[in-house]
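Undergrad: Here it is, the structure in full.
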Amino acid sequence: MKLYTVSEFAERLGVSVSTLRAWDKEGRLVALRTPTNKRRYTEEMLYRALGIKNRQEPKKIVLYARVSSAVQKPDLENQLRYLKEFAAGKGLTIDEILSDVGSALNYKRKNFLKLCGMITRGEIKTVIVAHKDRLVRFGFEFLEDLFAKFGCEILVVNKAEDISPIVAYEDLAILRGKAKSKGLSRRVSNWQRNIIKERLEYKNHVYSVTDPGPVNAAYTSQQCPQCGWVDSGNRHGDTFKCRKCGFAAGADHVAALNLKARLFDVEITRYTPYRKVKEILLQRYQQKQAR
Ligand SMILES: [Zn+2]
């Protein structure tokens, strides 16, 4: 039988060691004692303790944002800006901000797990996300039901499905080149092709139902998705190379990343004049440098 020390138990439960000592003293949760008078706790006591703790109503409001890869970090900043704006507009005070860089298919993202831990300990009242798929690719409704059992509501700001054109790309990248046998590789790549086909059909279907309207495309081919620097000299035909940070990629890919980030942009809307767009982008670049 696993016995927890007082600090291990405190961590599992998400309370401080002094809270446990107080509960022990008050008789609310009396610890076992070793022959040398050290406190020990069992698994069963953990559930009892969760019961004691959860008698308090969940209180916290948490923002959760995610992007799939490091190259999309500007998109992460936009998501957070968008979520903060949304919360402020509803008069909600944010207690904590959590974000991950990782695939929606990966259920071991560090801060996603932290979020689940806080929810199952009954700490969170509301979690705010930009899209359902910021949390998980599959099983959102299951998660929503489960969180509700712990008194936590998920607030999805944008109810429309994520129609970003690079979604299929980001998720498939993790499968590439993993298989050791040729036969398996072939089957995996057939499987990939089928997924891509399926995804595109699905996207086209969704696209016709929930068109988000045009996004302001000003400077999307000149803007660096990594550092944010805007310069016509960043672009050379089909290739993009940032003159400030050296970030390099295909010009179309860069424009797609920038367009995707604009979907969540609250400052740059489709009606923002192009001069103003450049002003905003360069201002953000300066702010980023200052940090
Ligand atoms: Zn750059």
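In the structure tokens, each chain is lettered A, B, ... as it comes, each chain's residues begin at 1, and ligands are numbered from 1 in order of appearance.
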Extract, using only C-alpha atoms, all DNA, RNA and protein residues at most 9 Å from Leu105 of chain A, discarding same-chain residues fewer than 2 positions from it, and format them as a PyMOL selection string.
TA: chain A and resi 102-103+107+136-138+171
Undergrad: Could you save the residues just selected, with C-alpha atoms, as a PDB file, in the first residue's frame?
TA:
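Resulting contents of result_2.pdb:
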```pdb
ATOM      1  CA  GLY A 102       1.718  21.242 -28.825  1.00  0.00           C
ATOM      2  CA  SER A 103      -0.701  19.214 -30.920  1.00  0.00           C
ATOM      3  CA  TYR A 107      -3.090  14.763 -24.199  1.00  0.00           C
ATOM      4  CA  VAL A 136      -8.659  18.818 -27.530  1.00  0.00           C
ATOM      5  CA  ARG A 137      -9.089  17.641 -31.097  1.00  0.00           C
ATOM      6  CA  PHE A 138     -11.455  14.814 -30.173  1.00  0.00           C
ATOM      7  CA  ASP A 171      -1.309  17.450 -36.946  1.00  0.00           C
TER       8      ASP A 171
END
```
Undergrad: Taking only C-alpha atoms and all ligand atoms and a cut-off of 9 Å, can you tell me which residues surround ligand 1, written as a list in words?
TA: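 Every residue with an atom at most 9 Å from ligand 1 is listed here: Gln223, Cys224, Pro225, Gln226, Cys227, Gly228, Trp229, Val230, Asn234, Lys241, Cys242, Arg243, Lys244, Cys245, Gly246, Phe247 and Ala248 of chain A.
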Undergrad: Under the rule that only C-alpha atoms are counted, which of A:Ile268, A:Ser232, A:Val71, A:Thr220 is the nearest residue to Asp252 of chain A?
TA: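 Closest to Asp252 of chain A, using only C-alpha atoms: A:Thr220.
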Undergrad: Give me the residues within 8 Å of Phe112 of chain A as a ChimeraX atom specification, counting only C-alpha atoms and dropping any in the same chain fewer than 3 places off.
TA: /A:98-100,107-109,115-116,135
Undergrad: Skipping near chain neighbours, those fewer than 3 positions away, what residues fall within 12 Å of segment 10-12 of chain A using only C-alpha atoms, listed as number ranges by chain?
TA: A: 4-7, 15-21, 23, 39-43, 45-47, 49-50, 53, 114, 117-118, 120-121
Undergrad: Restricted to N, CA and C atoms, what would the selected residues look like written as a short mmCIF file (atom, residue, chain, number, x, y, z; two decimals), in the first residue's frame?
TA:
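Now in part-v4.cif:
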```cif
data_model
loop_
_atom_site.label_atom_id
_atom_site.label_comp_id
_atom_site.auth_asym_id
_atom_site.auth_seq_id
_atom_site.Cartn_x
_atom_site.Cartn_y
_atom_site.Cartn_z
N TYR A 4 1.59 8.22 1.47
CA TYR A 4 2.12 9.53 1.08
C TYR A 4 2.70 10.24 2.29
N THR A 5 3.82 10.93 2.07
CA THR A 5 4.32 11.84 3.11
C THR A 5 3.43 13.07 3.09
N VAL A 6 3.57 13.93 4.08
CA VAL A 6 2.71 15.10 4.16
C VAL A 6 2.92 16.03 2.97
N SER A 7 4.16 16.16 2.49
CA SER A 7 4.38 17.07 1.35
C SER A 7 3.89 16.45 0.04
N VAL A 15 -3.20 21.48 -1.79
CA VAL A 15 -3.31 22.39 -0.63
C VAL A 15 -1.92 22.48 0.00
N SER A 16 -1.77 23.40 0.96
CA SER A 16 -0.45 23.55 1.57
C SER A 16 -0.28 22.54 2.70
N VAL A 17 0.98 22.32 3.08
CA VAL A 17 1.30 21.41 4.18
C VAL A 17 0.66 21.91 5.48
N SER A 18 0.63 23.25 5.64
CA SER A 18 0.05 23.77 6.88
C SER A 18 -1.47 23.52 6.95
N THR A 19 -2.13 23.53 5.79
CA THR A 19 -3.57 23.19 5.77
C THR A 19 -3.77 21.76 6.27
N LEU A 20 -2.90 20.84 5.78
CA LEU A 20 -3.00 19.44 6.21
C LEU A 20 -2.77 19.31 7.72
N ARG A 21 -1.78 20.05 8.22
CA ARG A 21 -1.51 20.00 9.67
C ARG A 21 -2.71 20.50 10.46
N TRP A 23 -5.90 20.49 9.45
CA TRP A 23 -6.97 19.49 9.36
C TRP A 23 -6.72 18.33 10.32
N ARG A 39 3.77 11.99 9.88
CA ARG A 39 2.43 11.85 9.27
C ARG A 39 2.50 11.06 7.96
N ARG A 40 1.54 10.15 7.78
CA ARG A 40 1.42 9.42 6.52
C ARG A 40 -0.04 9.37 6.11
N TYR A 41 -0.27 9.34 4.76
CA TYR A 41 -1.64 9.33 4.23
C TYR A 41 -1.82 8.21 3.21
N THR A 42 -3.02 7.65 3.15
CA THR A 42 -3.32 6.59 2.17
C THR A 42 -4.08 7.19 0.98
N GLU A 43 -4.19 6.36 -0.07
CA GLU A 43 -4.95 6.75 -1.27
C GLU A 43 -6.42 7.05 -0.89
N MET A 45 -7.55 8.15 1.83
CA MET A 45 -7.64 9.44 2.51
C MET A 45 -7.61 10.60 1.53
N LEU A 46 -6.99 10.35 0.37
CA LEU A 46 -6.95 11.39 -0.66
C LEU A 46 -8.37 11.72 -1.14
N TYR A 47 -9.18 10.68 -1.38
CA TYR A 47 -10.54 10.92 -1.83
C TYR A 47 -11.39 11.60 -0.76
N ALA A 49 -10.18 13.56 1.49
CA ALA A 49 -9.69 14.93 1.57
C ALA A 49 -10.25 15.78 0.43
N LEU A 50 -10.36 15.16 -0.76
CA LEU A 50 -10.93 15.89 -1.90
C LEU A 50 -12.37 16.30 -1.59
N LYS A 53 -12.23 19.26 0.73
CA LYS A 53 -11.78 20.46 0.03
C LYS A 53 -12.85 20.97 -0.94
N LYS A 114 -2.07 20.43 -16.14
CA LYS A 114 -2.20 21.28 -14.95
C LYS A 114 -3.65 21.77 -14.81
N GLY A 117 -5.85 19.01 -13.62
CA GLY A 117 -5.60 18.81 -12.20
C GLY A 117 -6.37 19.82 -11.35
N MET A 118 -6.28 21.08 -11.75
CA MET A 118 -6.97 22.14 -11.00
C MET A 118 -8.49 21.94 -11.03
N THR A 120 -10.16 19.01 -11.52
CA THR A 120 -10.60 17.85 -10.74
C THR A 120 -10.39 18.06 -9.25
N ARG A 121 -9.61 19.07 -8.88
CA ARG A 121 -9.51 19.43 -7.46
C ARG A 121 -10.57 20.47 -7.09
#
```
Undergrad: If you run DSSP on the backbone, which residues of segment 110-168 of chain A are helix (DSSP H, G or I), as a list in words?
TA: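 After running DSSP on the backbone, segment 110-168 of chain A has helix (DSSP H, G or I) at Lys110, Asn111, Phe112, Leu113, Lys114, Leu115, Cys116, Gly117, Met118, Ile119, Thr120, Lys132, Asp133, Arg134, Phe140, Glu141, Phe142, Leu143, Glu144, Asp145, Leu146, Phe147, Ala148, Lys149, Val167 and Ala168 of chain A.
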Undergrad: Quote the spacing between atom CA of Lys2 of chain A and atom CA of Phe150 of chain A in Å to one decimal place.
TA: 25.8 Å
Undergrad: Check segment 36-177 of chain A with DSSP on the backbone and list each residue it calls strand (DSSP E), as a PDB file with C-alpha atoms, in the first residue's frame.
TA:
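So selection15.pdb came out as:
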```pdb
ATOM      1  CA  ARG A  39       2.433  11.849   9.274  1.00  0.00           C
ATOM      2  CA  ARG A  40       1.418   9.417   6.517  1.00  0.00           C
ATOM      3  CA  LYS A  60     -11.031  30.555 -10.368  1.00  0.00           C
ATOM      4  CA  ILE A  61     -11.401  31.852 -13.911  1.00  0.00           C
ATOM      5  CA  VAL A  62      -8.649  30.533 -16.182  1.00  0.00           C
ATOM      6  CA  LEU A  63      -7.686  31.299 -19.787  1.00  0.00           C
ATOM      7  CA  TYR A  64      -6.280  28.447 -21.846  1.00  0.00           C
ATOM      8  CA  ALA A  65      -4.576  28.964 -25.224  1.00  0.00           C
ATOM      9  CA  ARG A  66      -2.658  26.600 -27.488  1.00  0.00           C
ATOM     10  CA  VAL A  67      -0.778  26.548 -30.760  1.00  0.00           C
ATOM     11  CA  GLU A  96      -4.607  32.409 -14.174  1.00  0.00           C
ATOM     12  CA  ILE A  97      -3.381  32.106 -17.748  1.00  0.00           C
ATOM     13  CA  LEU A  98      -2.245  28.722 -19.093  1.00  0.00           C
ATOM     14  CA  SER A  99      -0.892  27.980 -22.538  1.00  0.00           C
ATOM     15  CA  ASP A 100       0.814  25.165 -24.429  1.00  0.00           C
ATOM     16  CA  VAL A 101       2.748  24.690 -27.628  1.00  0.00           C
ATOM     17  CA  ILE A 124     -11.848  26.275 -11.401  1.00  0.00           C
ATOM     18  CA  LYS A 125     -15.253  27.773 -12.080  1.00  0.00           C
ATOM     19  CA  THR A 126     -14.734  28.807 -15.706  1.00  0.00           C
ATOM     20  CA  VAL A 127     -12.138  28.026 -18.339  1.00  0.00           C
ATOM     21  CA  ILE A 128     -12.129  30.269 -21.409  1.00  0.00           C
ATOM     22  CA  VAL A 129     -10.806  29.067 -24.783  1.00  0.00           C
ATOM     23  CA  GLU A 153     -17.875  25.434 -17.212  1.00  0.00           C
ATOM     24  CA  ILE A 154     -15.987  25.780 -20.510  1.00  0.00           C
ATOM     25  CA  LEU A 155     -16.587  29.077 -22.265  1.00  0.00           C
ATOM     26  CA  VAL A 156     -15.843  28.767 -25.996  1.00  0.00           C
TER      27      VAL A 156
END
```
Undergrad: For a test of reading the model, state the distance in Å between atom CA of Asn258 of chain A and atom CA of Ile94 of chain A, rounded to one decimal.
TA: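 Interatomic distance, atom CA of Asn258 of chain A to atom CA of Ile94 of chain A: 27.3 Å.
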Undergrad: Using Å and a single decimal, report how far atom CA of Phe9 of chain A sits from atom CA of Lys38 of chain A.
TA: 13.0 Å
Undergrad: Pick from A:Asp75, A:Glu267, A:Asp133, A:Asp145: nearest to Leu281 of chain A, with only C-alpha atoms counted?
TA: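 Ranking A:Asp75, A:Glu267, A:Asp133, A:Asp145 by distance to Leu281 of chain A, first place goes to A:Glu267.
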Undergrad: From the set A:Val157, A:Val254, A:Leu3, A:Ser68, which residue has the shortest atom-to-atom contact distance to Leu32 of chain A, counting only C-alpha atoms?
TA: A:Leu3
